[in-house]
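Chemist: Next up, start-v2.cif (mmCIF, C-alpha atoms).
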```cif
data_structure
loop_
_atom_site.group_PDB
_atom_site.id
_atom_site.type_symbol
_atom_site.label_atom_id
_atom_site.label_comp_id
_atom_site.auth_asym_id
_atom_site.auth_seq_id
_atom_site.Cartn_x
_atom_site.Cartn_y
_atom_site.Cartn_z
ATOM 1 C CA MET A 1 93.507 196.795 200.707
ATOM 2 C CA LYS A 2 94.156 193.236 201.797
ATOM 3 C CA VAL A 3 93.892 190.626 199.044
ATOM 4 C CA LYS A 4 91.724 187.684 200.058
ATOM 5 C CA LYS A 5 93.622 184.417 199.955
ATOM 6 C CA ILE A 6 92.250 181.697 197.699
ATOM 7 C CA SER A 7 91.584 178.541 199.692
ATOM 8 C CA PRO A 8 93.061 175.165 198.681
ATOM 9 C CA GLY A 9 89.519 173.982 197.921
ATOM 10 C CA ASN A 10 88.842 176.753 195.422
ATOM 11 C CA LEU A 11 92.273 176.290 193.850
ATOM 12 C CA ALA A 12 91.617 172.575 193.460
ATOM 13 C CA ILE A 13 88.314 173.230 191.649
ATOM 14 C CA ILE A 14 89.960 175.765 189.330
ATOM 15 C CA TYR A 15 92.747 173.301 188.562
ATOM 16 C CA ILE A 16 90.442 170.356 187.847
ATOM 17 C CA ILE A 17 88.219 172.436 185.536
ATOM 18 C CA ILE A 18 91.326 173.613 183.661
ATOM 19 C CA SER A 19 92.459 169.991 183.379
ATOM 20 C CA ALA A 20 89.032 168.980 182.046
ATOM 21 C CA PHE A 21 89.285 171.645 179.320
ATOM 22 C CA CYS A 22 92.840 170.598 178.440
ATOM 23 C CA PHE A 23 91.913 166.915 178.141
ATOM 24 C CA ALA A 24 88.884 167.814 176.003
ATOM 25 C CA CYS A 25 91.248 169.718 173.669
ATOM 26 C CA MET A 26 93.610 166.741 173.698
ATOM 27 C CA ASN A 27 90.838 164.411 172.526
ATOM 28 C CA LEU A 28 89.962 166.859 169.742
ATOM 29 C CA PHE A 29 93.574 167.057 168.520
ATOM 30 C CA VAL A 30 93.944 163.270 168.690
ATOM 31 C CA ARG A 31 90.828 162.870 166.579
ATOM 32 C CA LEU A 32 92.027 165.462 164.058
ATOM 33 C CA SER A 33 95.406 163.693 163.786
ATOM 34 C CA GLY A 34 93.750 160.927 161.778
ATOM 35 C CA ASP A 35 94.615 157.264 161.355
ATOM 36 C CA LEU A 36 97.820 156.690 163.322
ATOM 37 C CA PRO A 37 98.818 153.875 165.731
ATOM 38 C CA SER A 38 97.573 154.334 169.286
ATOM 39 C CA MET A 39 101.064 153.933 170.728
ATOM 40 C CA GLN A 40 102.374 156.687 168.453
ATOM 41 C CA LYS A 41 99.630 159.029 169.652
ATOM 42 C CA SER A 42 100.276 158.000 173.258
ATOM 43 C CA PHE A 43 104.004 158.728 172.952
ATOM 44 C CA PHE A 44 103.385 162.288 171.761
ATOM 45 C CA ARG A 45 100.760 162.675 174.482
ATOM 46 C CA ASN A 46 103.471 162.241 177.123
ATOM 47 C CA PHE A 47 106.614 163.460 175.358
ATOM 48 C CA VAL A 48 105.592 167.128 175.432
ATOM 49 C CA ALA A 49 104.748 166.856 179.131
ATOM 50 C CA VAL A 50 108.252 165.505 179.825
ATOM 51 C CA ILE A 51 109.827 168.548 178.144
ATOM 52 C CA PHE A 52 107.567 171.021 179.985
ATOM 53 C CA ALA A 53 108.131 169.369 183.355
ATOM 54 C CA LEU A 54 111.895 169.323 182.775
ATOM 55 C CA ILE A 55 111.936 173.033 181.871
ATOM 56 C CA ILE A 56 109.894 173.939 184.962
ATOM 57 C CA LEU A 57 112.090 171.869 187.266
ATOM 58 C CA LEU A 58 115.259 173.439 185.845
ATOM 59 C CA LYS A 59 113.848 176.980 185.830
ATOM 60 C CA ASN A 60 112.670 176.800 189.436
ATOM 61 C CA LYS A 61 115.900 175.008 190.404
ATOM 62 C CA ASN A 62 113.855 172.214 191.942
ATOM 63 C CA SER A 63 115.578 169.029 192.908
ATOM 64 C CA PHE A 64 114.974 165.909 190.851
ATOM 65 C CA ARG A 65 115.116 163.932 194.083
ATOM 66 C CA TRP A 66 111.829 162.789 195.525
ATOM 67 C CA LYS A 67 110.922 162.953 199.183
ATOM 68 C CA LYS A 68 111.554 160.042 201.502
ATOM 69 C CA GLY A 69 108.941 157.352 201.044
ATOM 70 C CA SER A 70 107.579 158.797 197.754
ATOM 71 C CA LEU A 71 109.289 156.439 195.284
ATOM 72 C CA PRO A 72 106.796 153.522 195.621
ATOM 73 C CA PHE A 73 103.873 155.887 195.024
ATOM 74 C CA LEU A 74 105.631 157.602 192.094
ATOM 75 C CA PHE A 75 106.249 154.218 190.524
ATOM 76 C CA LEU A 76 102.666 153.046 191.111
ATOM 77 C CA ARG A 77 101.270 156.309 189.721
ATOM 78 C CA SER A 78 103.438 155.930 186.607
ATOM 79 C CA ALA A 79 103.049 152.200 185.971
ATOM 80 C CA ILE A 80 99.305 151.984 186.627
ATOM 81 C CA GLY A 81 98.681 155.320 184.875
ATOM 82 C CA THR A 82 100.539 154.129 181.768
ATOM 83 C CA LEU A 83 98.583 150.869 181.786
ATOM 84 C CA GLY A 84 95.393 152.920 181.984
ATOM 85 C CA ILE A 85 96.394 154.959 178.916
ATOM 86 C CA VAL A 86 97.108 151.803 176.905
ATOM 87 C CA CYS A 87 93.769 150.238 177.892
ATOM 88 C CA ASN A 88 91.913 153.463 177.078
ATOM 89 C CA PHE A 89 93.511 153.721 173.628
ATOM 90 C CA TYR A 90 92.759 150.059 172.956
ATOM 91 C CA ALA A 91 89.112 150.662 173.837
ATOM 92 C CA ILE A 92 88.967 153.741 171.598
ATOM 93 C CA ASP A 93 90.339 151.686 168.685
ATOM 94 C CA HIS A 94 87.853 148.802 169.107
ATOM 95 C CA ILE A 95 84.553 150.196 170.433
ATOM 96 C CA PRO A 96 82.546 153.376 169.759
ATOM 97 C CA LEU A 97 84.238 156.513 171.073
ATOM 98 C CA ALA A 98 81.221 157.323 173.265
ATOM 99 C CA ASP A 99 81.458 153.959 175.002
ATOM 100 C CA ALA A 100 85.203 154.314 175.548
ATOM 101 C CA SER A 101 84.708 157.830 176.922
ATOM 102 C CA ILE A 102 82.151 156.840 179.528
ATOM 103 C CA LEU A 103 84.326 153.957 180.667
ATOM 104 C CA ASN A 104 87.286 156.316 181.079
ATOM 105 C CA LYS A 105 85.047 158.763 182.955
ATOM 106 C CA MET A 106 84.543 156.097 185.607
ATOM 107 C CA SER A 107 87.918 157.256 186.975
ATOM 108 C CA PRO A 108 86.434 159.857 189.393
ATOM 109 C CA PHE A 109 84.357 157.082 190.970
ATOM 110 C CA PHE A 110 87.423 154.906 191.361
ATOM 111 C CA VAL A 111 89.377 157.852 192.822
ATOM 112 C CA ILE A 112 86.762 158.191 195.542
ATOM 113 C CA ILE A 113 86.672 154.426 196.166
ATOM 114 C CA PHE A 114 90.469 154.088 196.330
ATOM 115 C CA SER A 115 90.759 157.232 198.478
ATOM 116 C CA LEU A 116 88.198 155.745 200.849
ATOM 117 C CA ILE A 117 90.044 152.409 201.045
ATOM 118 C CA ILE A 118 93.693 153.527 200.922
ATOM 119 C CA ILE A 119 93.751 157.043 202.399
ATOM 120 C CA LYS A 120 90.670 156.628 204.626
ATOM 121 C CA GLU A 121 89.091 159.855 203.326
ATOM 122 C CA LYS A 122 85.511 159.645 204.556
ATOM 123 C CA LEU A 123 82.624 160.121 202.133
ATOM 124 C CA SER A 124 79.220 161.355 203.248
ATOM 125 C CA LEU A 125 76.030 159.884 201.829
ATOM 126 C CA LEU A 126 75.124 163.227 200.246
ATOM 127 C CA GLN A 127 78.516 163.565 198.547
ATOM 128 C CA GLY A 128 78.178 160.057 197.146
ATOM 129 C CA ALA A 129 74.696 160.869 195.847
ATOM 130 C CA ILE A 130 75.941 164.059 194.146
ATOM 131 C CA VAL A 131 78.769 162.218 192.383
ATOM 132 C CA PHE A 132 76.306 159.543 191.249
ATOM 133 C CA LEU A 133 74.031 162.326 189.950
ATOM 134 C CA ALA A 134 76.892 163.753 187.883
ATOM 135 C CA PHE A 135 77.656 160.307 186.500
ATOM 136 C CA SER A 136 73.990 159.880 185.542
ATOM 137 C CA GLY A 137 74.224 163.128 183.589
ATOM 138 C CA ALA A 138 77.330 161.798 181.838
ATOM 139 C CA LEU A 139 75.387 158.690 180.812
ATOM 140 C CA LEU A 140 72.712 160.867 179.181
ATOM 141 C CA VAL A 141 75.374 162.736 177.218
ATOM 142 C CA ILE A 142 77.350 159.728 176.006
ATOM 143 C CA LYS A 143 74.506 157.181 175.741
ATOM 144 C CA PRO A 144 76.677 154.042 175.827
ATOM 145 C CA SER A 145 75.557 150.775 174.256
ATOM 146 C CA PHE A 146 77.539 147.543 174.430
ATOM 147 C CA SER A 147 77.236 144.237 172.616
ATOM 148 C CA ASN A 148 78.674 140.822 173.484
ATOM 149 C CA THR A 149 81.237 141.026 170.666
ATOM 150 C CA GLU A 150 82.728 144.092 172.383
ATOM 151 C CA LEU A 151 83.096 142.474 175.800
ATOM 152 C CA LEU A 152 86.929 142.373 175.865
ATOM 153 C CA PRO A 153 87.614 145.967 174.733
ATOM 154 C CA SER A 154 84.771 147.185 176.958
ATOM 155 C CA ALA A 155 86.264 145.365 179.940
ATOM 156 C CA LEU A 156 89.703 146.807 179.141
ATOM 157 C CA GLY A 157 88.184 150.281 178.817
ATOM 158 C CA LEU A 158 86.623 149.940 182.263
ATOM 159 C CA PHE A 159 89.931 148.618 183.607
ATOM 160 C CA GLY A 160 91.625 151.688 182.098
ATOM 161 C CA GLY A 161 89.248 153.959 184.013
ATOM 162 C CA MET A 162 90.016 152.036 187.193
ATOM 163 C CA CYS A 163 93.762 152.406 186.537
ATOM 164 C CA ALA A 164 93.352 156.158 186.096
ATOM 165 C CA GLY A 165 91.423 156.346 189.360
ATOM 166 C CA PHE A 166 94.154 154.450 191.192
ATOM 167 C CA ALA A 167 96.853 156.643 189.616
ATOM 168 C CA TYR A 168 95.114 159.852 190.741
ATOM 169 C CA THR A 169 94.815 158.385 194.244
ATOM 170 C CA MET A 170 98.590 157.969 194.245
ATOM 171 C CA VAL A 171 98.844 161.622 193.191
ATOM 172 C CA ARG A 172 96.708 162.543 196.202
ATOM 173 C CA ILE A 173 99.054 160.599 198.504
ATOM 174 C CA LEU A 174 102.103 162.280 196.948
ATOM 175 C CA GLY A 175 100.439 165.670 197.367
ATOM 176 C CA LYS A 176 99.851 165.016 201.055
ATOM 177 C CA LYS A 177 103.538 164.132 201.348
ATOM 178 C CA GLY A 178 104.382 167.552 199.864
ATOM 179 C CA GLU A 179 105.854 166.141 196.653
ATOM 180 C CA ASN A 180 106.546 168.602 193.832
ATOM 181 C CA GLY A 181 103.791 168.462 191.190
ATOM 182 C CA SER A 182 106.277 169.018 188.349
ATOM 183 C CA LEU A 183 108.340 166.074 189.552
ATOM 184 C CA ILE A 184 105.232 163.864 189.624
ATOM 185 C CA VAL A 185 104.403 164.816 186.027
ATOM 186 C CA PHE A 186 108.033 164.401 184.907
ATOM 187 C CA PHE A 187 108.336 160.961 186.497
ATOM 188 C CA PHE A 188 105.042 159.713 185.031
ATOM 189 C CA SER A 189 105.538 161.164 181.550
ATOM 190 C CA GLY A 190 109.133 159.968 181.352
ATOM 191 C CA PHE A 191 108.147 156.480 182.468
ATOM 192 C CA SER A 192 105.353 156.372 179.860
ATOM 193 C CA CYS A 193 107.610 157.548 177.030
ATOM 194 C CA ILE A 194 110.293 154.984 177.840
ATOM 195 C CA THR A 195 107.664 152.242 178.016
ATOM 196 C CA MET A 196 106.130 153.183 174.653
ATOM 197 C CA LEU A 197 109.385 153.940 172.813
ATOM 198 C CA PRO A 198 109.909 150.362 171.510
ATOM 199 C CA PHE A 199 106.404 150.344 169.991
ATOM 200 C CA LEU A 200 107.089 153.720 168.355
ATOM 201 C CA ILE A 201 110.376 152.490 166.853
ATOM 202 C CA PHE A 202 109.028 149.239 165.418
ATOM 203 C CA ASP A 203 105.611 150.524 164.304
ATOM 204 C CA PHE A 204 106.236 154.142 163.327
ATOM 205 C CA HIS A 205 103.904 155.595 160.673
ATOM 206 C CA PRO A 206 105.037 158.624 158.622
ATOM 207 C CA MET A 207 103.025 161.775 159.356
ATOM 208 C CA SER A 208 102.015 164.804 157.372
ATOM 209 C CA LEU A 209 102.789 168.286 158.735
ATOM 210 C CA PHE A 210 99.152 168.668 159.764
ATOM 211 C CA GLN A 211 99.190 165.366 161.669
ATOM 212 C CA LEU A 212 102.428 166.329 163.407
ATOM 213 C CA LEU A 213 100.962 169.685 164.460
ATOM 214 C CA MET A 214 97.824 167.971 165.761
ATOM 215 C CA LEU A 215 99.866 165.510 167.811
ATOM 216 C CA LEU A 216 101.958 168.355 169.202
ATOM 217 C CA GLY A 217 98.718 170.129 170.070
ATOM 218 C CA ALA A 218 97.518 166.952 171.762
ATOM 219 C CA GLY A 219 100.792 166.768 173.688
ATOM 220 C CA LEU A 220 100.566 170.398 174.817
ATOM 221 C CA SER A 221 96.957 169.910 175.909
ATOM 222 C CA ALA A 222 97.821 166.687 177.731
ATOM 223 C CA ALA A 223 100.682 168.456 179.508
ATOM 224 C CA GLY A 224 98.312 171.186 180.671
ATOM 225 C CA GLY A 225 95.832 168.559 181.776
ATOM 226 C CA GLN A 226 98.439 166.539 183.681
ATOM 227 C CA PHE A 227 99.878 169.546 185.517
ATOM 228 C CA SER A 228 96.401 170.823 186.399
ATOM 229 C CA ILE A 229 94.909 167.555 187.618
ATOM 230 C CA THR A 230 98.084 166.812 189.600
ATOM 231 C CA ALA A 231 97.762 170.204 191.298
ATOM 232 C CA ALA A 232 94.046 169.619 191.913
ATOM 233 C CA TYR A 233 94.477 166.310 193.734
ATOM 234 C CA CYS A 234 97.461 167.708 195.634
ATOM 235 C CA HIS A 235 95.261 170.513 197.008
ATOM 236 C CA ALA A 236 92.070 168.677 197.943
ATOM 237 C CA PRO A 237 90.462 165.288 198.633
ATOM 238 C CA ALA A 238 88.910 163.479 195.682
ATOM 239 C CA LYS A 239 85.450 163.416 197.277
ATOM 240 C CA GLU A 240 85.352 167.239 197.239
ATOM 241 C CA ILE A 241 86.396 167.890 193.637
ATOM 242 C CA SER A 242 85.964 164.773 191.469
ATOM 243 C CA VAL A 243 82.457 165.832 190.383
ATOM 244 C CA TYR A 244 83.972 168.826 188.545
ATOM 245 C CA ASP A 245 85.961 166.463 186.330
ATOM 246 C CA TYR A 246 82.733 165.774 184.438
ATOM 247 C CA SER A 247 82.931 169.322 183.039
ATOM 248 C CA GLN A 248 85.194 167.724 180.412
ATOM 249 C CA ILE A 249 82.061 166.319 178.765
ATOM 250 C CA ILE A 250 80.611 169.814 178.429
ATOM 251 C CA PHE A 251 83.879 171.201 177.026
ATOM 252 C CA ALA A 252 84.169 168.290 174.590
ATOM 253 C CA THR A 253 80.639 168.853 173.329
ATOM 254 C CA MET A 254 81.235 172.586 172.854
ATOM 255 C CA LEU A 255 84.412 171.891 170.881
ATOM 256 C CA GLY A 256 82.565 169.307 168.823
ATOM 257 C CA LEU A 257 79.769 171.777 168.088
ATOM 258 C CA PHE A 258 81.918 174.731 167.044
ATOM 259 C CA ILE A 259 84.818 172.886 165.372
ATOM 260 C CA LEU A 260 83.406 169.577 164.145
ATOM 261 C CA GLY A 261 79.817 170.712 163.662
ATOM 262 C CA GLU A 262 78.404 168.022 165.989
ATOM 263 C CA MET A 263 75.018 169.153 167.303
ATOM 264 C CA PRO A 264 73.999 167.817 170.757
ATOM 265 C CA ASP A 265 70.577 166.191 171.086
ATOM 266 C CA LEU A 266 67.978 166.719 173.812
ATOM 267 C CA LEU A 267 69.359 163.907 175.990
ATOM 268 C CA SER A 268 72.802 165.498 175.876
ATOM 269 C CA ILE A 269 71.410 168.892 176.854
ATOM 270 C CA ALA A 270 69.585 167.248 179.764
ATOM 271 C CA GLY A 271 72.882 165.661 180.777
ATOM 272 C CA TYR A 272 74.652 169.038 180.786
ATOM 273 C CA LEU A 273 71.978 170.470 183.076
ATOM 274 C CA ILE A 274 72.309 167.522 185.463
ATOM 275 C CA ILE A 275 76.116 167.815 185.558
ATOM 276 C CA ILE A 276 75.963 171.560 186.205
ATOM 277 C CA THR A 277 73.348 171.000 188.926
ATOM 278 C CA ALA A 278 75.562 168.372 190.584
ATOM 279 C CA ALA A 279 78.543 170.742 190.528
ATOM 280 C CA ILE A 280 76.450 173.526 192.121
ATOM 281 C CA LEU A 281 75.143 171.150 194.806
ATOM 282 C CA MET A 282 78.667 169.989 195.622
ATOM 283 C CA PHE A 283 79.845 173.601 195.830
ATOM 284 C CA MET A 284 76.987 174.504 198.194
ATOM 285 C CA TYR A 285 77.634 171.450 200.377
ATOM 286 C CA ASN A 286 81.370 172.103 200.612
ATOM 287 C CA ASN A 287 80.801 175.811 201.239
ATOM 288 C CA LYS A 288 78.490 174.954 204.141
ATOM 289 C CA LYS A 289 81.182 172.669 205.578
ATOM 290 C CA GLY A 290 83.788 175.448 205.343
ATOM 291 C CA PHE A 291 85.792 173.659 202.655
ATOM 292 C CA PHE A 292 86.250 176.881 200.665
ATOM 293 C CA VAL A 293 87.507 178.932 203.603
ATOM 294 C CA ALA A 294 91.251 179.410 203.627
ATOM 295 C CA LYS A 295 92.943 177.835 206.642
ATOM 296 C CA ASN A 296 94.229 181.089 208.091
ATOM 297 C CA GLU A 297 90.791 182.714 207.723
ATOM 298 C CA LYS A 298 89.147 179.766 209.455
ATOM 299 C CA LYS A 299 91.603 179.982 212.340
ATOM 300 C CA ASN A 300 90.917 183.704 212.745
ATOM 301 C CA THR A 301 87.178 183.075 212.751
ATOM 302 C CA ASP A 302 87.477 180.300 215.322
ATOM 303 C CA SER A 303 89.572 182.479 217.615
ATOM 304 C CA LYS A 304 86.966 185.243 217.742
#
```
What do you get writing this file as structure tokens?
Modeler:
Amino acid sequence: MKVKKISPGNLAIIYIIISAFCFACMNLFVRLSGDLPSMQKSFFRNFVAVIFALIILLKNKNSFRWKKGSLPFLFLRSAIGTLGIVCNFYAIDHIPLADASILNKMSPFFVIIFSLIIIKEKLSLLQGAIVFLAFSGALLVIKPSFSNTELLPSALGLFGGMCAGFAYTMVRILGKKGENGSLIVFFFSGFSCITMLPFLIFDFHPMSLFQLLMLLGAGLSAAGGQFSITAAYCHAPAKEISVYDYSQIIFATMLGLFILGEMPDLLSIAGYLIIITAAILMFMYNNKKGFFVAKNEKKNTDSK
């Protein structure tokens, strides 16, 4: 019996949903870690990923050398991605968590915009409408509200989402170049740790065992999220899969309900339904276009 090959499109969706779950767990662990400096939390977020990426590269005997022409994109992914993390943590520290979350969740929009401008990946009107529908559902879940006194952190939070979108676009470019996903994660995480190390040294806060375990949990979750989302954007265009990134909101709410006892309201439930509907619509659209057919299967069908 011949095993049916999973198409790059299906793999990309699986990867991005896994990444959404991992990042939702990361947020939970960060919250449970308590009152610690943002830079300290950020360092642990990336340090574990460095170790995992290093182990994978050594185990698979992969070269630490990047492909020709990849270095500028690796540097841009790392520098802009690190800036996005700092802006996101600043927003979390100065405005309501819901507001900071929705600003960070603007990243899929920016991925599509940057992919359209930089990579020239075309976006149909229907695909754009579906992504906007998913974002509308996210608004119902998070229910953001800003005031004039929060203009600066809100602007930085939005800028952080834009930085994340640009960074993931660089990941897409590196994926098209055939760059190793583990190397991309290693380069980014190592760059972030080196950048944040001075802040950790001069503003280190002692931690309890529980806080240390929570930060390690956050680091493990972030590592899973980084590897998964890197694989996702290496396998497929942003316009095809970015809508599934909003599943993180559903995962976060489920974790909040069962672990923190946070009960979603009617608006949130309506948002979940809209997000799920958008994901189904995107799946149906891509399936109709043959996006989920493996390349070799498509060639065989065309030759008949």
Chemist: Please expand the PyMOL selection byres ((chain A and resi 259-275) around 9) into the concrete residues it hits in this file, giving the result as a PyMOL selection string.
Modeler: chain A and resi 133-143+243-244+246-247+249-250+253-258+276-280
Chemist: One number please: atom CA of A:Ser221 to atom CA of A:Phe23, in Å, one decimal.
Modeler: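 Those two atoms sit 6.3 Å apart.
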Chemist: Find the distance between atom CA of A:Phe75 and atom CA of A:Phe188 and write it in Å to one decimal.
Modeler: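 These atoms are spaced 7.9 Å apart.
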Chemist: Can you work out which one of A:Leu183, A:Val86, A:Leu74, A:Leu216 has the shortest atom-to-atom distance to A:Ser42, counting all atoms listed in the file?
Modeler: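 Going through A:Leu183, A:Val86, A:Leu74, A:Leu216 one by one, the smallest distance to A:Ser42 is for A:Val86.
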Chemist: Could you work out how far atom CA of A:Asp245 lies from atom CA of A:Leu174, giving the answer in Å with one decimal?
Modeler: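 Interatomic distance, atom CA of A:Leu174 to atom CA of A:Asp245: 19.8 Å.
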Chemist: Take the PyMOL selection byres ((chain A and resi 162-173) around 6), apply it to the structure above, and return the hits as a PDB file with C-alpha atoms, in the frame of the given file.
Modeler:
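Saved result, out.pdb, follows:
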```
ATOM      1  CA  PHE A  73     103.873 155.887 195.024  1.00  0.00           C
ATOM      2  CA  ARG A  77     101.270 156.309 189.721  1.00  0.00           C
ATOM      3  CA  ILE A  80      99.305 151.984 186.627  1.00  0.00           C
ATOM      4  CA  GLY A  81      98.681 155.320 184.875  1.00  0.00           C
ATOM      5  CA  GLY A  84      95.393 152.920 181.984  1.00  0.00           C
ATOM      6  CA  SER A 107      87.918 157.256 186.975  1.00  0.00           C
ATOM      7  CA  PHE A 110      87.423 154.906 191.361  1.00  0.00           C
ATOM      8  CA  VAL A 111      89.377 157.852 192.822  1.00  0.00           C
ATOM      9  CA  SER A 115      90.759 157.232 198.478  1.00  0.00           C
ATOM     10  CA  PHE A 159      89.931 148.618 183.607  1.00  0.00           C
ATOM     11  CA  GLY A 160      91.625 151.688 182.098  1.00  0.00           C
ATOM     12  CA  GLY A 161      89.248 153.959 184.013  1.00  0.00           C
ATOM     13  CA  LEU A 174     102.103 162.280 196.948  1.00  0.00           C
ATOM     14  CA  GLY A 175     100.439 165.670 197.367  1.00  0.00           C
ATOM     15  CA  LYS A 176      99.851 165.016 201.055  1.00  0.00           C
ATOM     16  CA  TYR A 233      94.477 166.310 193.734  1.00  0.00           C
ATOM     17  CA  CYS A 234      97.461 167.708 195.634  1.00  0.00           C
TER      18      CYS A 234
END
```
Chemist: Ranking A:Gly225, A:Phe283, A:Ala252, A:Phe187 by minimum distance to A:Ile51 and counting only C-alpha atoms, which one comes first?
Modeler: A:Phe187
Chemist: Considering all atoms listed in the file, can you say which of A:Tyr285, A:Phe227, A:Phe109, A:Phe43 comes closest to A:Ile201?
Modeler: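 Closest to A:Ile201 of all the choices is A:Phe43.
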Chemist: Using all atoms listed in the file, list the residues that have an atom at most 9 Å from (88.7, 171.8, 187.3), coordinates as in the file, as JSON, numbers by chain.
Modeler: {"A": [11, 12, 13, 14, 15, 16, 17, 18, 19, 20, 21, 228, 229, 232, 241, 242, 244, 245, 246, 247, 248]}
Chemist: Find the residue from A:Pro237, A:Gly69, A:Pro144, A:Gly34 that sits nearest to A:Lys122; use only C-alpha atoms when measuring.
Modeler: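 Looking only at the distances to A:Lys122, the closest residue turns out to be A:Pro237.
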Chemist: Can you sort out the box for stretch 167-179 of chain A, edges along x, y and z, all listed atoms in, 4 Å on every side, with centre and edge lengths in Å to one decimal, as JSON?
Modeler:
```
{"center_x": 100.3, "center_y": 162.1, "center_z": 195.5, "size_x": 19.0, "size_y": 18.9, "size_z": 19.7}
```
Chemist: Measuring atom to atom with only C-alpha atoms, identify which of A:Val185, A:Leu123, A:Lys61, A:Arg31 is nearest to A:Ala223.
Modeler: A:Val185
